file my_file.cif (mmCIF, C-alpha atoms and all ligand atoms)
data_final
loop_
_atom_site.label_atom_id
_atom_site.label_comp_id
_atom_site.auth_asym_id
_atom_site.auth_seq_id
_atom_site.Cartn_x
_atom_site.Cartn_y
_atom_site.Cartn_z
CA MET A 1 0.00 0.00 0.00
CA ASP A 2 1.16 3.46 -0.83
CA TYR A 3 1.51 5.46 2.34
CA TRP A 4 4.05 6.91 4.72
CA LEU A 5 3.99 8.17 8.23
CA TYR A 6 3.47 11.82 8.59
CA LYS A 7 4.45 13.82 11.60
CA THR A 8 3.39 17.38 12.22
CA SER A 9 4.60 19.88 14.73
CA MET A 10 3.55 20.63 18.29
CA THR A 11 0.83 23.04 19.24
CA THR A 12 1.42 26.47 17.85
CA ILE A 13 -0.12 29.33 19.67
CA VAL A 14 -0.04 32.43 17.55
CA GLY A 15 -1.69 35.34 19.23
CA GLU A 16 -5.01 33.96 20.35
CA SER A 17 -5.31 31.37 17.65
CA VAL A 18 -4.94 27.78 18.69
CA SER A 19 -3.97 24.80 16.66
CA VAL A 20 -4.63 21.14 17.06
CA VAL A 21 -1.74 19.04 18.28
CA ALA A 22 -1.38 16.50 15.54
CA ASP A 23 -0.72 12.78 15.81
CA GLU A 24 1.09 10.57 13.39
CA VAL A 25 -1.25 9.62 10.64
CA ARG A 26 -1.11 7.42 7.60
CA VAL A 27 -1.25 9.23 4.32
CA TYR A 28 -3.17 7.56 1.48
CA GLU A 29 -2.14 8.99 -1.84
CA THR A 30 -5.09 7.76 -3.87
CA PHE A 31 -8.76 6.93 -3.29
CA ASP A 32 -8.08 3.44 -4.62
CA ASP A 33 -5.68 2.82 -1.75
CA MET A 34 -8.43 3.44 0.78
CA ASN A 35 -10.30 0.26 0.02
CA LEU A 36 -13.63 2.06 -0.12
CA PRO A 37 -16.84 0.23 -1.02
CA GLU A 38 -17.03 -0.04 -4.82
CA ASN A 39 -20.21 2.03 -5.21
CA LEU A 40 -18.80 4.76 -2.99
CA LEU A 41 -15.54 4.90 -4.95
CA ARG A 42 -17.56 5.23 -8.14
CA GLY A 43 -19.44 8.16 -6.62
CA VAL A 44 -16.20 9.87 -5.57
CA TYR A 45 -14.84 9.73 -9.11
CA SER A 46 -18.09 10.70 -10.73
CA HIS A 47 -18.30 13.69 -8.37
CA GLY A 48 -15.11 14.83 -10.10
CA PHE A 49 -12.51 14.01 -7.45
CA GLU A 50 -9.50 12.31 -9.02
CA ARG A 51 -6.95 12.49 -6.25
CA PRO A 52 -7.54 13.12 -2.56
CA SER A 53 -6.63 16.50 -1.09
CA GLU A 54 -4.23 16.64 1.88
CA ILE A 55 -7.00 16.45 4.47
CA GLN A 56 -8.70 13.66 2.52
CA LYS A 57 -5.44 11.68 2.35
CA ARG A 58 -5.38 11.68 6.15
CA GLY A 59 -8.94 12.13 7.39
CA ILE A 60 -11.04 9.57 5.51
CA MET A 61 -9.43 6.39 6.79
CA PRO A 62 -9.67 7.10 10.53
CA MET A 63 -13.42 7.61 10.02
CA LYS A 64 -13.65 4.42 8.02
CA GLU A 65 -11.78 2.61 10.77
CA ARG A 66 -14.20 4.03 13.33
CA ARG A 67 -11.92 6.43 15.17
CA ASP A 68 -12.95 9.75 16.67
CA LEU A 69 -11.41 12.62 14.78
CA LEU A 70 -10.33 16.17 15.39
CA ALA A 71 -9.28 17.80 12.13
CA GLN A 72 -8.08 21.26 11.31
CA ALA A 73 -7.41 22.34 7.75
CA GLN A 74 -7.45 25.65 5.93
CA SER A 75 -10.57 26.68 4.08
CA GLY A 76 -11.03 25.38 0.57
CA THR A 77 -9.03 22.20 1.15
CA GLY A 78 -11.84 19.70 0.83
CA LYS A 79 -13.01 19.05 4.37
CA THR A 80 -16.55 18.36 3.15
CA GLY A 81 -15.29 15.61 0.88
CA ALA A 82 -13.20 14.19 3.72
CA PHE A 83 -16.06 13.77 6.16
CA THR A 84 -18.61 12.84 3.51
CA ILE A 85 -16.49 10.01 2.14
CA GLY A 86 -15.40 8.99 5.65
CA ALA A 87 -18.98 8.85 6.92
CA LEU A 88 -20.35 7.09 3.84
CA SER A 89 -17.70 4.41 4.18
CA ALA A 90 -19.00 3.66 7.68
CA LEU A 91 -22.68 3.52 6.73
CA ASP A 92 -24.77 0.39 6.13
CA PRO A 93 -26.91 1.04 3.05
CA ASP A 94 -29.37 -1.68 4.08
CA LEU A 95 -30.23 -0.14 7.41
CA LYS A 96 -32.91 2.47 6.80
CA ARG A 97 -32.25 4.56 9.89
CA VAL A 98 -30.33 7.77 10.52
CA GLN A 99 -26.72 6.60 10.75
CA VAL A 100 -24.86 9.79 9.99
CA LEU A 101 -25.67 13.14 11.54
CA VAL A 102 -23.85 16.26 10.35
CA LEU A 103 -24.28 19.52 12.26
CA ALA A 104 -23.59 22.78 10.44
CA PRO A 105 -24.15 26.36 11.60
CA VAL A 106 -26.26 27.77 8.77
CA ARG A 107 -28.91 26.53 6.41
CA GLU A 108 -27.02 27.36 3.21
CA LEU A 109 -24.05 25.33 4.38
CA ALA A 110 -26.23 22.40 5.43
CA GLN A 111 -27.83 22.40 1.98
CA GLN A 112 -24.43 22.53 0.29
CA ILE A 113 -23.25 19.55 2.35
CA GLU A 114 -26.46 17.74 1.43
CA SER A 115 -25.82 18.21 -2.26
CA VAL A 116 -22.21 16.97 -1.97
CA ALA A 117 -23.35 13.92 0.04
CA LYS A 118 -26.10 13.17 -2.48
CA SER A 119 -23.68 13.38 -5.36
CA ILE A 120 -20.94 11.26 -3.80
CA SER A 121 -23.44 8.64 -2.62
CA SER A 122 -25.36 8.57 -5.88
CA PHE A 123 -24.51 4.90 -6.58
CA MET A 124 -25.14 3.72 -3.03
CA ASN A 125 -28.91 3.90 -2.97
CA ILE A 126 -29.08 5.73 0.31
CA SER A 127 -31.26 8.56 1.50
CA VAL A 128 -29.67 11.94 2.26
CA TYR A 129 -31.64 14.84 3.70
CA SER A 130 -31.10 18.23 5.32
CA ALA A 131 -33.29 19.60 8.12
CA THR A 132 -32.69 23.24 8.72
CA GLY A 133 -35.47 25.09 10.42
CA GLY A 134 -37.57 27.76 8.77
CA THR A 135 -39.25 25.01 6.75
CA PRO A 136 -42.26 22.96 7.86
CA LEU A 137 -41.30 20.43 10.49
CA ARG A 138 -43.59 17.83 8.98
CA GLU A 139 -41.37 17.56 5.90
CA ASP A 140 -38.45 16.63 8.13
CA ILE A 141 -40.55 14.17 10.07
CA ARG A 142 -41.67 12.52 6.86
CA ALA A 143 -38.13 12.26 5.51
CA ILE A 144 -36.90 10.64 8.71
CA GLU A 145 -39.84 8.27 8.90
CA LYS A 146 -39.30 7.29 5.28
CA GLY A 147 -35.83 6.07 6.21
CA CYS A 148 -33.34 8.92 5.92
CA GLN A 149 -29.85 7.54 6.56
CA TYR A 150 -27.62 10.57 6.17
CA LEU A 151 -29.00 13.62 7.93
CA ILE A 152 -27.53 17.12 7.88
CA GLY A 153 -28.96 19.88 10.00
CA THR A 154 -28.63 23.08 11.93
CA PRO A 155 -28.48 22.54 15.70
CA GLY A 156 -31.84 24.13 16.60
CA ARG A 157 -33.86 21.99 14.24
CA ILE A 158 -31.96 18.82 15.04
CA PHE A 159 -32.53 19.34 18.74
CA ASP A 160 -36.21 19.93 18.09
CA LEU A 161 -36.48 16.68 16.13
CA MET A 162 -34.73 14.76 18.89
CA ASN A 163 -36.87 16.35 21.56
CA ARG A 164 -40.06 15.34 19.78
CA GLY A 165 -38.81 11.79 19.62
CA VAL A 166 -38.77 11.87 15.80
CA LEU A 167 -35.01 11.56 15.53
CA SER A 168 -33.40 8.81 17.55
CA SER A 169 -29.68 8.53 18.09
CA GLU A 170 -29.92 4.77 18.43
CA HIS A 171 -28.36 3.95 15.07
CA ILE A 172 -26.13 6.99 14.65
CA ARG A 173 -22.65 5.73 13.87
CA VAL A 174 -21.03 9.04 13.07
CA LEU A 175 -21.72 12.48 14.43
CA ILE A 176 -19.92 15.24 12.53
CA MET A 177 -19.57 18.90 13.33
CA ASP A 178 -18.51 21.11 10.46
CA GLU A 179 -17.14 24.55 11.43
CA ALA A 180 -16.65 23.02 14.87
CA ASP A 181 -15.24 26.14 16.47
CA GLN A 182 -18.33 28.13 15.58
CA MET A 183 -20.57 25.27 16.66
CA LEU A 184 -18.96 25.26 20.07
CA GLU A 185 -19.13 28.96 20.83
CA ASP A 186 -21.80 31.33 22.08
CA ARG A 187 -25.23 30.79 20.71
CA PHE A 188 -24.64 27.40 19.14
CA LYS A 189 -22.78 25.89 22.04
CA GLU A 190 -25.84 25.55 24.23
CA GLN A 191 -27.88 23.91 21.49
CA VAL A 192 -25.06 21.54 20.61
CA MET A 193 -24.62 20.61 24.26
CA CYS A 194 -28.35 19.87 24.50
CA ILE A 195 -28.05 17.58 21.51
CA LEU A 196 -25.09 15.79 23.04
CA GLN A 197 -26.95 15.41 26.33
CA LYS A 198 -29.71 13.55 24.54
CA GLY A 199 -27.24 10.70 24.64
CA PHE A 200 -25.58 8.72 21.88
CA PRO A 201 -24.66 5.05 21.83
CA LYS A 202 -21.10 4.44 22.86
CA GLU A 203 -20.45 3.13 19.35
CA THR A 204 -21.16 6.58 17.91
CA ARG A 205 -17.94 8.09 16.62
CA ILE A 206 -17.50 11.84 16.64
CA ALA A 207 -15.61 13.92 14.10
CA LEU A 208 -14.92 17.63 14.46
CA PHE A 209 -13.80 19.64 11.42
CA SER A 210 -12.78 23.27 11.28
CA ALA A 211 -10.46 25.71 9.56
CA THR A 212 -9.81 27.66 12.72
CA MET A 213 -9.66 26.20 16.21
CA SER A 214 -10.52 27.61 19.59
CA GLU A 215 -9.80 26.64 23.17
CA ASP A 216 -13.45 25.62 23.40
CA VAL A 217 -13.14 23.05 20.66
CA ILE A 218 -9.98 21.63 22.14
CA ASP A 219 -11.70 21.44 25.55
CA VAL A 220 -14.80 19.78 24.21
CA ALA A 221 -12.63 17.48 22.15
CA ASN A 222 -10.68 16.50 25.25
CA ASN A 223 -13.86 15.76 27.14
CA LEU A 224 -15.90 14.21 24.40
CA LEU A 225 -13.65 12.37 22.03
CA GLN A 226 -12.18 9.01 22.82
CA ASN A 227 -8.61 8.56 21.73
CA PRO A 228 -9.18 10.74 18.67
CA GLN A 229 -7.00 10.88 15.63
CA ARG A 230 -5.85 14.50 15.55
CA ILE A 231 -4.99 15.97 12.19
CA LEU A 232 -3.57 19.36 11.40
CA ILE A 233 -2.92 20.53 7.89
CA GLU A 234 -0.78 23.51 8.54
CA ALA A 235 -1.23 26.78 6.78
CA LYS A 236 2.18 26.62 5.17
CA GLU A 237 1.30 23.37 3.45
CA VAL A 238 -1.96 24.62 2.04
CA PRO A 239 -1.47 28.34 2.04
CA LEU A 240 -3.94 31.05 1.45
CA ASP A 241 -1.03 32.23 -0.72
CA GLY A 242 -3.27 31.71 -3.66
CA ILE A 243 -5.25 34.67 -2.35
CA LYS A 244 -3.69 38.08 -2.83
CA GLN A 245 -4.76 40.50 -0.12
CA TYR A 246 -5.00 44.22 -0.71
CA TYR A 247 -6.28 47.25 1.10
CA VAL A 248 -7.53 50.67 0.00
CA GLU A 249 -7.23 53.32 2.63
CA LEU A 250 -9.88 56.03 2.61
CA GLU A 251 -10.03 59.23 4.53
CA ASN A 252 -13.74 58.96 4.89
CA SER A 253 -15.90 55.85 4.97
CA ASP A 254 -18.45 57.57 2.71
CA TRP A 255 -15.99 57.11 -0.12
CA LYS A 256 -16.16 53.38 0.05
CA PHE A 257 -19.14 53.35 -2.21
CA GLU A 258 -17.29 55.14 -5.03
CA VAL A 259 -14.41 52.72 -4.74
CA LEU A 260 -16.72 49.74 -4.88
CA ALA A 261 -18.48 51.11 -7.93
CA ASP A 262 -15.11 51.68 -9.53
CA LEU A 263 -13.93 48.16 -8.79
CA TYR A 264 -17.17 46.78 -10.14
CA GLN A 265 -16.49 48.43 -13.47
CA GLN A 266 -12.79 47.87 -13.73
CA LEU A 267 -12.37 44.30 -12.60
CA HIS A 268 -13.33 41.57 -14.95
CA ILE A 269 -14.13 39.01 -12.38
CA SER A 270 -16.10 35.84 -12.65
CA GLN A 271 -17.93 36.22 -9.35
CA ALA A 272 -17.48 38.26 -6.21
CA LEU A 273 -18.71 38.42 -2.64
CA VAL A 274 -18.92 41.76 -0.82
CA TYR A 275 -19.10 41.67 2.96
CA CYS A 276 -20.78 44.09 5.34
CA ASN A 277 -21.12 43.62 9.07
CA LYS A 278 -24.77 44.44 9.49
CA ARG A 279 -27.93 43.61 7.64
CA GLN A 280 -28.94 47.29 7.35
CA ARG A 281 -25.64 48.24 5.76
CA ALA A 282 -25.82 45.30 3.34
CA GLU A 283 -29.31 46.27 2.24
CA TRP A 284 -28.42 49.93 1.91
CA LEU A 285 -25.40 49.09 -0.20
CA ALA A 286 -27.33 46.72 -2.45
CA GLU A 287 -29.99 49.32 -2.99
CA LYS A 288 -27.51 52.05 -3.77
CA MET A 289 -25.48 49.90 -6.16
CA SER A 290 -28.60 48.81 -8.01
CA GLN A 291 -29.80 52.40 -8.33
CA GLN A 292 -26.51 53.28 -9.97
CA GLY A 293 -26.92 50.49 -12.49
CA PHE A 294 -24.72 47.80 -10.97
CA PRO A 295 -26.78 44.63 -10.83
CA LEU A 296 -26.17 42.47 -7.79
CA SER A 297 -27.92 40.56 -5.06
CA VAL A 298 -27.89 40.63 -1.27
CA ILE A 299 -28.36 37.98 1.38
CA HIS A 300 -28.59 38.04 5.18
CA GLY A 301 -30.00 36.04 8.04
CA GLU A 302 -33.20 37.94 8.59
CA MET A 303 -34.43 37.21 5.11
CA ASP A 304 -37.25 34.82 4.37
CA VAL A 305 -36.02 31.25 3.93
CA GLU A 306 -37.37 30.76 0.44
CA GLU A 307 -35.91 34.07 -0.64
CA ARG A 308 -32.51 33.08 0.72
CA LYS A 309 -32.71 29.82 -1.16
CA ARG A 310 -33.62 31.51 -4.41
CA ARG A 311 -30.82 34.06 -4.12
CA MET A 312 -28.22 31.40 -3.32
CA LYS A 313 -29.38 29.43 -6.33
CA ASP A 314 -28.98 32.43 -8.62
CA PHE A 315 -25.52 33.05 -7.24
CA ARG A 316 -24.45 29.43 -7.58
CA SER A 317 -25.72 29.25 -11.15
CA GLY A 318 -23.80 32.41 -12.04
CA ALA A 319 -26.99 34.29 -12.98
CA VAL A 320 -25.94 36.74 -10.25
CA ARG A 321 -22.28 37.76 -10.39
CA VAL A 322 -21.94 39.87 -7.29
CA MET A 323 -23.45 39.08 -3.93
CA ILE A 324 -23.46 41.31 -0.88
CA SER A 325 -23.55 39.35 2.34
CA THR A 326 -23.23 39.55 6.07
CA ASP A 327 -21.15 37.01 7.95
CA LEU A 328 -24.04 34.63 7.43
CA LEU A 329 -22.07 33.38 4.45
CA ALA A 330 -18.59 33.89 5.86
CA ARG A 331 -18.00 30.21 6.42
CA GLY A 332 -18.06 27.08 4.40
CA ILE A 333 -19.88 28.33 1.33
CA ASP A 334 -18.23 26.96 -1.77
CA VAL A 335 -18.87 28.66 -5.10
CA GLN A 336 -15.90 27.84 -7.28
CA GLN A 337 -16.28 30.83 -9.56
CA VAL A 338 -15.82 33.33 -6.74
CA SER A 339 -12.42 34.90 -7.34
CA LEU A 340 -12.85 38.19 -5.50
CA VAL A 341 -13.88 39.00 -1.95
CA ILE A 342 -14.35 42.63 -0.97
CA ASN A 343 -14.57 43.60 2.66
CA TYR A 344 -16.67 46.71 2.52
CA GLU A 345 -16.21 46.67 6.26
CA LEU A 346 -13.66 44.63 8.16
CA PRO A 347 -15.23 41.85 10.18
CA ILE A 348 -15.78 42.47 13.86
CA GLN A 349 -14.43 39.03 14.74
CA LYS A 350 -10.89 38.36 13.60
CA GLU A 351 -11.66 34.72 12.79
CA ASN A 352 -14.17 35.79 10.19
CA TYR A 353 -11.48 37.54 8.19
CA ILE A 354 -9.92 34.22 7.29
CA HIS A 355 -13.29 32.60 6.68
CA ARG A 356 -14.45 35.43 4.43
CA ILE A 357 -11.36 35.55 2.26
CA GLY A 358 -11.43 31.76 2.04
CA ARG A 359 -14.57 32.06 -0.12
CA ALA A 360 -12.26 33.01 -2.99
CA GLY A 361 -9.48 30.74 -4.18
CA ARG A 362 -11.30 27.46 -3.52
CA PHE A 363 -9.20 24.33 -3.80
CA GLY A 364 -6.00 26.12 -4.68
CA ARG A 365 -7.50 28.45 -7.26
CA LYS A 366 -6.27 32.03 -7.42
CA GLY A 367 -8.22 34.67 -5.60
CA VAL A 368 -8.08 38.30 -4.56
CA THR A 369 -9.29 40.10 -1.46
CA ILE A 370 -9.71 43.85 -1.28
CA ASN A 371 -10.29 45.52 2.07
CA LEU A 372 -11.82 49.00 2.11
CA ILE A 373 -10.44 50.74 5.15
CA SER A 374 -11.75 53.82 6.88
CA PRO A 375 -9.64 55.69 9.46
CA GLU A 376 -11.57 53.99 12.28
CA GLU A 377 -10.63 50.59 10.90
CA LYS A 378 -6.88 51.12 10.70
CA ARG A 379 -6.33 49.59 14.08
CA ALA A 380 -8.31 46.53 13.13
CA VAL A 381 -6.08 46.09 10.08
CA SER A 382 -2.96 45.88 12.18
CA GLU A 383 -4.69 43.50 14.55
CA ILE A 384 -5.67 41.22 11.72
CA GLU A 385 -2.19 41.38 10.22
CA GLU A 386 -0.63 40.51 13.51
CA HIS A 387 -3.10 37.82 14.41
CA TRP A 388 -2.84 35.96 11.12
CA LYS A 389 0.80 36.81 10.41
CA ILE A 390 -0.06 38.38 7.07
CA THR A 391 0.66 41.67 5.35
CA LEU A 392 -1.93 43.45 3.30
CA GLU A 393 -0.61 45.25 0.25
CA LYS A 394 -1.78 48.59 -0.97
CA LEU A 395 -4.06 48.18 -3.97
CA PRO A 396 -2.16 49.36 -7.05
CA THR A 397 -3.74 52.17 -9.04
CA ASP A 398 -3.40 50.14 -12.18
CA LEU A 399 -5.72 47.23 -11.56
CA GLY A 400 -4.79 45.49 -14.79
CA GLY A 401 -2.42 43.04 -13.17
CA ILE A 402 -4.33 42.00 -10.11
CA MET A 403 -6.98 39.66 -11.46
P1 LIG B 501 -13.42 23.29 2.97
O1 LIG B 501 -14.63 22.74 3.65
O2 LIG B 501 -12.17 22.65 3.44
O3 LIG B 501 -13.35 24.77 3.03
P2 LIG B 501 -14.71 22.29 0.60
O4 LIG B 501 -14.98 20.94 1.12
O5 LIG B 501 -15.85 23.23 0.52
O6 LIG B 501 -13.52 22.96 1.43
O7 LIG B 501 -14.01 22.11 -0.84
C1 LIG B 501 -13.54 23.19 -1.59
C2 LIG B 501 -13.59 22.89 -3.08
O8 LIG B 501 -12.62 21.92 -3.41
C3 LIG B 501 -14.93 22.34 -3.52
O9 LIG B 501 -15.32 23.02 -4.69
C4 LIG B 501 -14.66 20.88 -3.81
O10 LIG B 501 -15.47 20.38 -4.84
C5 LIG B 501 -13.20 20.91 -4.22
N1 LIG B 501 -12.53 19.63 -3.90
C6 LIG B 501 -12.49 19.04 -2.69
N2 LIG B 501 -11.80 17.88 -2.73
C7 LIG B 501 -11.39 17.72 -4.02
C8 LIG B 501 -10.63 16.71 -4.71
N3 LIG B 501 -10.15 15.66 -4.08
N4 LIG B 501 -10.43 16.91 -6.03
C9 LIG B 501 -10.91 18.01 -6.66
N5 LIG B 501 -11.64 18.98 -6.08
C10 LIG B 501 -11.88 18.85 -4.76
MG MG B 502 -16.13 23.60 4.75
#

call {"tool": "encode", "arguments": {"input": "my_file.cif", "output": "structure tokens", "more": "lines below"}}
Ligand code: ADP
Ligand code: MG
result
Amino acid sequence: MDYWLYKTSMTTIVGESVSVVADEVRVYETFDDMNLPENLLRGVYSHGFERPSEIQKRGIMPMKERRDLLAQAQSGTGKTGAFTIGALSALDPDLKRVQVLVLAPVRELAQQIESVAKSISSFMNISVYSATGGTPLREDIRAIEKGCQYLIGTPGRIFDLMNRGVLSSEHIRVLIMDEADQMLEDRFKEQVMCILQKGFPKETRIALFSATMSEDVIDVANNLLQNPQRILIEAKEVPLDGIKQYYVELENSDWKFEVLADLYQQLHISQALVYCNKRQRAEWLAEKMSQQGFPLSVIHGEMDVEERKRRMKDFRSGAVRVMISTDLLARGIDVQQVSLVINYELPIQKENYIHRIGRAGRFGRKGVTINLISPEEKRAVSEIEEHWKITLEKLPTDLGGIM
């Protein structure tokens, strides 16, 4: 078999960011080496994956071999594929019960994971479903009663389904948390803890995946996981180097709009995401841009569920080229054509900077980030630079070379 032992470094504590302490782990260079069920392997290839990414080379097999897992890897490196293939390899297609439960922080991400799982499992004859709140509960109940085997959901809805006795943990073999650090902080933490307190069989394996780690995740991991395989794909191995990061300094934040309009005209981008911190600002900006003849769309968490779905669909299909968003879509969302991320405002939480810019440059593609900086935000820039050990470059006046 084609593998070697891989050893990563000790914990690195850079500023407040925390990294997983990694164990030795076997590296499988091809999907064929992993001895996956035939109909799963077929699905992997037909999904378009030819060779495993770094996290997939290391993360799939521990899940297949029924180990707990704590995995940290940069955004855009294929974590979804890693846990989807890992979980599918541990599932019994003949048992029509929920066997895999994936928790994700937002609806759009849950739906994206659902579509990846459906595609990769398309030859396995299994039932994949996402339950996300904001939709009628009876649809979820029906899907589970009809024999859903691979369930993805947001914590609130999943807890609700468990509480009503609709969803039983009895047959759950794998419990996965995507964006684990977000799932184990503030508002999600309580819901996730409630879900965990519902009780899982001792055979249930737990896998935590995240691009950034926090003390909370490490704590929970220490308390919850049994002898986990710990994997760290360090930033230097899978850099965000592919993403050039620029800033434009403005004397007055009112000028940001002109700069954005200018960028919109000058840059020939495939697709772009523009981030604002608050819903009101996002809506105001969308309105103003549209009035000036720059077509784009906007999405935020207080929008009607169906509307959110429709707008995401238009963005994914490319019908909409530019999307303004709040941090609702800072994490996990994968639209391969996005090559530019503009921070109209810098994120309030430093973590979100990395998550936002990770929406461009998926899977090693090239990407560009442009940060529009008002005088009040200058401090935040140095904090971000220091925290992430990066340097933002001044945006050149001639934009020809940047995209
Ligand atoms: P992450 O969750 O680590 O941020 P994703 O799982 O969303 O990353 O994957 C990012 C992109 O990389 C997706 O478009 C996905 O289809 C692509 N990708 C993942 N694994 C592979 C692979 N083995 N081969 C080719 N493309 C891949
Ligand atoms: Mg992800």

call {"tool": "closest_residue", "arguments": {"input": "my_file.cif", "among": "A:Asn371, A:Ser89, A:Thr80, A:Asn222", "to": "Glu65 of chain A", "atoms": "all atoms listed in the file"}}
result
A:Ser89

call {"tool": "closest_residue", "arguments": {"input": "my_file.cif", "among": "A:Asp140, A:Asp68, A:Glu383, A:Asp186", "to": "Asn227 of chain A", "atoms": "only C-alpha atoms"}}
result
A:Asp68

call {"tool": "closest_residue", "arguments": {"input": "my_file.cif", "among": "A:Thr326, A:Ser317, A:Gln229, A:Ser253", "to": "Arg66 of chain A", "atoms": "all atoms listed in the file"}}
result
A:Gln229

call {"tool": "closest_atom_pairs", "arguments": {"input": "my_file.cif", "of": "segment 100-156 of chain A", "to": "segment 293-303 of chain A", "cutoff": "12 Å", "atoms": "only C-alpha atoms", "output": "Markdown table"}}
result
| residue | atom | partner | partner_atom | distance |
| --- | --- | --- | --- | --- |
| A:Pro105 | CA | A:Gly301 | CA | 11.9 |
| A:Val106 | CA | A:Gly301 | CA | 9.1 |
| A:Arg107 | CA | A:Gly301 | CA | 9.7 |
| A:Glu108 | CA | A:Gly301 | CA | 10.4 |
| A:Gly134 | CA | A:Met303 | CA | 10.6 |

call {"tool": "closest_residue", "arguments": {"input": "my_file.cif", "among": "A:Ile144, A:Val27, A:Val44, A:Leu340", "to": "ligand LIG 501 (chain B)", "atoms": "all atoms listed in the file"}}
result
A:Val44

call {"tool": "closest_residue", "arguments": {"input": "my_file.cif", "among": "A:Glu139, A:Asp334, A:Gly242, A:Gln182", "to": "Ser115 of chain A", "atoms": "all atoms listed in the file"}}
result
A:Asp334

call {"tool": "residues_near_ligand", "arguments": {"input": "my_file.cif", "ligand": "ligand MG 502 (chain B)", "cutoff": "12 Å", "atoms": "all atoms listed in the file", "output": "mmCIF file with C-alpha atoms, in the coordinates of the input"}}
result
data_model
loop_
_atom_site.group_PDB
_atom_site.id
_atom_site.type_symbol
_atom_site.label_atom_id
_atom_site.label_comp_id
_atom_site.auth_asym_id
_atom_site.auth_seq_id
_atom_site.Cartn_x
_atom_site.Cartn_y
_atom_site.Cartn_z
ATOM 1 C CA ILE A 55 -7.000 16.450 4.470
ATOM 2 C CA ALA A 71 -9.280 17.800 12.130
ATOM 3 C CA GLN A 72 -8.080 21.260 11.310
ATOM 4 C CA ALA A 73 -7.410 22.340 7.750
ATOM 5 C CA GLN A 74 -7.450 25.650 5.930
ATOM 6 C CA SER A 75 -10.570 26.680 4.080
ATOM 7 C CA GLY A 76 -11.030 25.380 0.570
ATOM 8 C CA THR A 77 -9.030 22.200 1.150
ATOM 9 C CA GLY A 78 -11.840 19.700 0.830
ATOM 10 C CA LYS A 79 -13.010 19.050 4.370
ATOM 11 C CA THR A 80 -16.550 18.360 3.150
ATOM 12 C CA GLY A 81 -15.290 15.610 0.880
ATOM 13 C CA ALA A 82 -13.200 14.190 3.720
ATOM 14 C CA PHE A 83 -16.060 13.770 6.160
ATOM 15 C CA THR A 84 -18.610 12.840 3.510
ATOM 16 C CA LEU A 103 -24.280 19.520 12.260
ATOM 17 C CA ALA A 104 -23.590 22.780 10.440
ATOM 18 C CA PRO A 105 -24.150 26.360 11.600
ATOM 19 C CA VAL A 106 -26.260 27.770 8.770
ATOM 20 C CA GLU A 108 -27.020 27.360 3.210
ATOM 21 C CA LEU A 109 -24.050 25.330 4.380
ATOM 22 C CA ALA A 110 -26.230 22.400 5.430
ATOM 23 C CA GLN A 112 -24.430 22.530 0.290
ATOM 24 C CA ILE A 113 -23.250 19.550 2.350
ATOM 25 C CA VAL A 116 -22.210 16.970 -1.970
ATOM 26 C CA MET A 177 -19.570 18.900 13.330
ATOM 27 C CA ASP A 178 -18.510 21.110 10.460
ATOM 28 C CA GLU A 179 -17.140 24.550 11.430
ATOM 29 C CA ALA A 180 -16.650 23.020 14.870
ATOM 30 C CA GLN A 182 -18.330 28.130 15.580
ATOM 31 C CA LEU A 208 -14.920 17.630 14.460
ATOM 32 C CA PHE A 209 -13.800 19.640 11.420
ATOM 33 C CA SER A 210 -12.780 23.270 11.280
ATOM 34 C CA ALA A 211 -10.460 25.710 9.560
ATOM 35 C CA THR A 212 -9.810 27.660 12.720
ATOM 36 C CA LEU A 329 -22.070 33.380 4.450
ATOM 37 C CA ALA A 330 -18.590 33.890 5.860
ATOM 38 C CA ARG A 331 -18.000 30.210 6.420
ATOM 39 C CA GLY A 332 -18.060 27.080 4.400
ATOM 40 C CA ILE A 333 -19.880 28.330 1.330
ATOM 41 C CA ASP A 334 -18.230 26.960 -1.770
ATOM 42 C CA VAL A 335 -18.870 28.660 -5.100
ATOM 43 C CA HIS A 355 -13.290 32.600 6.680
ATOM 44 C CA ARG A 356 -14.450 35.430 4.430
ATOM 45 C CA GLY A 358 -11.430 31.760 2.040
ATOM 46 C CA ARG A 359 -14.570 32.060 -0.120
ATOM 47 C CA ARG A 362 -11.300 27.460 -3.520
ATOM 48 C CA PHE A 363 -9.200 24.330 -3.800
#

call {"tool": "closest_residue", "arguments": {"input": "my_file.cif", "among": "A:Leu95, A:Val20, A:Ala207, A:Ile243", "to": "His171 of chain A", "atoms": "all atoms listed in the file"}}
result
A:Leu95

call {"tool": "atom_distance", "arguments": {"input": "my_file.cif", "atom1": "atom CA of Ile373 of chain A", "atom2": "atom CA of Glu251 of chain A"}}
result
8.5 Å

call {"tool": "axis_aligned_box", "arguments": {"input": "my_file.cif", "around": "ligand LIG 501 (chain B)", "padding_each_side": "3 Å", "output": "lines of an AutoDock Vina configuration file"}}
result
center_x = -13.0
center_y = 20.2
center_z = -1.5
size_x = 11.7
size_y = 15.1
size_z = 16.3

call {"tool": "atom_distance", "arguments": {"input": "my_file.cif", "atom1": "atom CA of Leu328 of chain A", "atom2": "atom CA of Cys276 of chain A"}}
result
10.2 Å

call {"tool": "atom_distance", "arguments": {"input": "my_file.cif", "atom1": "atom CA of Leu224 of chain A", "atom2": "atom CA of Ile354 of chain A"}}
result
27.0 Å

call {"tool": "residues_around", "arguments": {"input": "my_file.cif", "residues": "Arg51 of chain A", "least_positions_apart": "5", "cutoff": "10 Å", "atoms": "all atoms listed in the file", "output": "list of chain:residue names"}}
result
A:Tyr28, A:Glu29, A:Thr30, A:Phe31, A:Asp32, A:Val44, A:Tyr45, A:Gln56, A:Lys57
